[in-house]
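Down below is the structure, laid out as structure tokens.
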Amino acid sequence: MWLNNNVTEFILLGLTQDPFRKKILFVVFLLFYMGTLLGNLLIIATIKTSQALGSPMYFFLFYLSLSDTCFSTTIAPRTIVDSLLKEASISFTECIIQVFTFHFFGCLEIFILILMAVDRYVAICKPLHYMTIMSRRVCGVLVAIAWVGSCVHSLVQIFLALSLPFCGPNEIDHYFCDLQPLLKLACSDTYLINLLLVSNSGAICTVSFLMLMVSYVIILRSLRNHSAEGRRKALSTCISHIIVVILFFGPCIFIYTRPATTFPMDKMIAIFYSIGTPLLNPLIYTLRNAEVKNAMKKLWRKKVVSDDRK
């Protein structure tokens, strides 16, 4: 049974209350979000239309770009609109939905990154059995498990959010709804809920990060037995993955693995993993991946040719 709440909506204080700075934030967030959509949707379209990108690695990259797009969309559009308003508010129901979708697609990205590490491990350490182990059916099942796991994680977040009693202050010192800022508004002891939050979100971030780092260390060690060309190609791919992992997990671990205390830098760090990382991911994967760049060039040539024939 959920606790009764007197609060029906929250006021989002955002990143600043200064009108001029809010206009700057509007431009910055709009450019970041448009770049995120362009980059990730371009990767999605390229993988879907290119026969050369049919390996499991690109199957998982497709879902990483999809989760990045959705993850950014849960935050950016509302933040862009709110930056134009004198006072931004969000209903209790919308706040709960935002908590669910934000954690769902964030957790999905974590699981997809783990699957990409598994794929690289099998490809480099078990090359003769790669296509047998990472078959299309197996990859599909793994992605389905990732979606289910993300849903379970998000439902736990919703359970925790709905168990909080709100009976007074309704100003969220943030630019979106999340459990950390909501804990500050609860009119009861939140020690247990914060403990559950750390054991849920914090554990997922920390354990996943350690698993990924260990797996890439094993992969990099195994490259000693490969040819110079094989080492170069595998190293380029792995470095791209490691950069993405560090950029995403660093801020998440900082936010979700500590007690219910807030720092002035929290909102800036949240910008990095909620808006910045989804923009950087397609740049990292395209700039360091010759196959993706070549497939994009072919897709562009096809578009140019089809436009010329009209």
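Naming scheme: A, B, ... for chains in displayed order of the structure tokens; residues 1 onward per chain; ligands 1 onward as shown.
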All helix (DSSP H, G or I) positions in segment 58-291 of chain A, as a ChimeraX atom specification: /A:58-73,76-82,92-125,127-133,136-162,179-185,191-225,228-256,266-287,290-291
Listing only residues of segment 50-130 of chain A within 10 Å of segment 230-247 of chain A, what is the closest atom pair and its distance in Å (to one decimal) for each, using only C-alpha atoms, sorted by chain and residue number ascending, as JSON lines?
{"residue": "A:Met57", "atom": "CA", "partner": "A:Thr237", "partner_atom": "CA", "distance": 9.9}
{"residue": "A:Ile110", "atom": "CA", "partner": "A:Val245", "partner_atom": "CA", "distance": 8.6}
{"residue": "A:Leu113", "atom": "CA", "partner": "A:Val245", "partner_atom": "CA", "distance": 7.4}
{"residue": "A:Ile114", "atom": "CA", "partner": "A:Val245", "partner_atom": "CA", "distance": 9.4}
{"residue": "A:Met116", "atom": "CA", "partner": "A:His241", "partner_atom": "CA", "distance": 8.1}
{"residue": "A:Ala117", "atom": "CA", "partner": "A:His241", "partner_atom": "CA", "distance": 7.8}
{"residue": "A:Arg120", "atom": "CA", "partner": "A:Cys238", "partner_atom": "CA", "distance": 7.6}
{"residue": "A:Tyr121", "atom": "CA", "partner": "A:Cys238", "partner_atom": "CA", "distance": 9.8}
{"residue": "A:Ala123", "atom": "CA", "partner": "A:Ala234", "partner_atom": "CA", "distance": 9.2}
{"residue": "A:Ile124", "atom": "CA", "partner": "A:Ala234", "partner_atom": "CA", "distance": 7.5}
Just the selected residues (N, CA, C and O atoms), exported as a PDB file, in the first residue's frame, please.
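File produced: part-v3.pdb:
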ATOM      1  N   MET A  57      28.441  -7.575 -32.842  1.00  0.00           N
ATOM      2  CA  MET A  57      28.898  -6.315 -32.253  1.00  0.00           C
ATOM      3  C   MET A  57      28.006  -5.148 -32.685  1.00  0.00           C
ATOM      4  O   MET A  57      27.644  -4.292 -31.877  1.00  0.00           O
ATOM      5  N   ILE A 110      23.507   0.044 -19.517  1.00  0.00           N
ATOM      6  CA  ILE A 110      24.506  -0.695 -18.739  1.00  0.00           C
ATOM      7  C   ILE A 110      24.564  -2.146 -19.183  1.00  0.00           C
ATOM      8  O   ILE A 110      25.641  -2.707 -19.432  1.00  0.00           O
ATOM      9  N   LEU A 113      26.111  -2.533 -22.647  1.00  0.00           N
ATOM     10  CA  LEU A 113      27.573  -2.397 -22.576  1.00  0.00           C
ATOM     11  C   LEU A 113      28.218  -3.695 -22.086  1.00  0.00           C
ATOM     12  O   LEU A 113      29.293  -4.088 -22.556  1.00  0.00           O
ATOM     13  N   ILE A 114      27.550  -4.374 -21.148  1.00  0.00           N
ATOM     14  CA  ILE A 114      28.062  -5.670 -20.672  1.00  0.00           C
ATOM     15  C   ILE A 114      28.015  -6.696 -21.799  1.00  0.00           C
ATOM     16  O   ILE A 114      28.972  -7.460 -22.000  1.00  0.00           O
ATOM     17  N   MET A 116      28.159  -6.113 -24.971  1.00  0.00           N
ATOM     18  CA  MET A 116      29.200  -5.761 -25.947  1.00  0.00           C
ATOM     19  C   MET A 116      30.568  -6.245 -25.476  1.00  0.00           C
ATOM     20  O   MET A 116      31.405  -6.675 -26.290  1.00  0.00           O
ATOM     21  N   ALA A 117      30.805  -6.194 -24.163  1.00  0.00           N
ATOM     22  CA  ALA A 117      32.064  -6.711 -23.621  1.00  0.00           C
ATOM     23  C   ALA A 117      32.132  -8.229 -23.776  1.00  0.00           C
ATOM     24  O   ALA A 117      33.185  -8.784 -24.116  1.00  0.00           O
ATOM     25  N   ARG A 120      32.974  -8.994 -27.379  1.00  0.00           N
ATOM     26  CA  ARG A 120      34.397  -8.788 -27.689  1.00  0.00           C
ATOM     27  C   ARG A 120      35.258  -9.903 -27.070  1.00  0.00           C
ATOM     28  O   ARG A 120      36.234 -10.335 -27.673  1.00  0.00           O
ATOM     29  N   TYR A 121      34.880 -10.366 -25.888  1.00  0.00           N
ATOM     30  CA  TYR A 121      35.629 -11.448 -25.250  1.00  0.00           C
ATOM     31  C   TYR A 121      35.568 -12.719 -26.092  1.00  0.00           C
ATOM     32  O   TYR A 121      36.587 -13.365 -26.354  1.00  0.00           O
ATOM     33  N   ALA A 123      34.786 -12.946 -29.297  1.00  0.00           N
ATOM     34  CA  ALA A 123      35.402 -12.717 -30.613  1.00  0.00           C
ATOM     35  C   ALA A 123      36.918 -12.807 -30.558  1.00  0.00           C
ATOM     36  O   ALA A 123      37.552 -13.331 -31.479  1.00  0.00           O
ATOM     37  N   ILE A 124      37.521 -12.324 -29.483  1.00  0.00           N
ATOM     38  CA  ILE A 124      38.981 -12.271 -29.385  1.00  0.00           C
ATOM     39  C   ILE A 124      39.566 -13.515 -28.722  1.00  0.00           C
ATOM     40  O   ILE A 124      40.615 -14.018 -29.147  1.00  0.00           O
TER      41      ILE A 124
END
For His153 of chain A: contacts at 9 Å, only C-alpha atoms, fewer than 5 positions along chain excluded, given as a JSON list (two decimals) with C-alpha atoms, in the first residue's frame:
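What ended up in out10.json:
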[["chain", "number", "residue", "atom", "x", "y", "z"],
["A", 100, "PHE", "CA", 10.89, 4.92, -14.37],
["A", 103, "HIS", "CA", 16.29, 4.35, -14.89],
["A", 104, "PHE", "CA", 14.89, 1.89, -17.44],
["A", 107, "CYS", "CA", 19.97, 0.38, -16.88],
["A", 148, "VAL", "CA", 13.47, -7.50, -18.68],
["A", 158, "ILE", "CA", 9.16, 3.21, -8.63],
["A", 200, "ASN", "CA", 19.97, -1.29, -6.18],
["A", 201, "SER", "CA", 21.30, 1.49, -8.44]]
Selected residue of minimal separation from Ala203 of chain A among A:Phe254, A:Glu87, A:Leu42, A:Phe32, counting only C-alpha atoms: A:Phe254
Residue nearest Leu64 of chain A - candidates A:Asn40, A:Gln157, A:Asn194, A:Thr206, atoms counted: only C-alpha atoms: A:Asn40
Separation of atom CA of Gly35 of chain A from atom CA of Thr93 of chain A, in Å and rounded to one decimal: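 About the pair atom CA of Gly35 of chain A and atom CA of Thr93 of chain A: they are 29.3 Å apart.
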Distance query Thr69 of chain A at most 8 Å, only C-alpha atoms, self and fewer than 2 positions along chain excluded, as a VMD selection string: chain A and resid 36 to 37 40 to 41 65 to 67 71 to 73 278
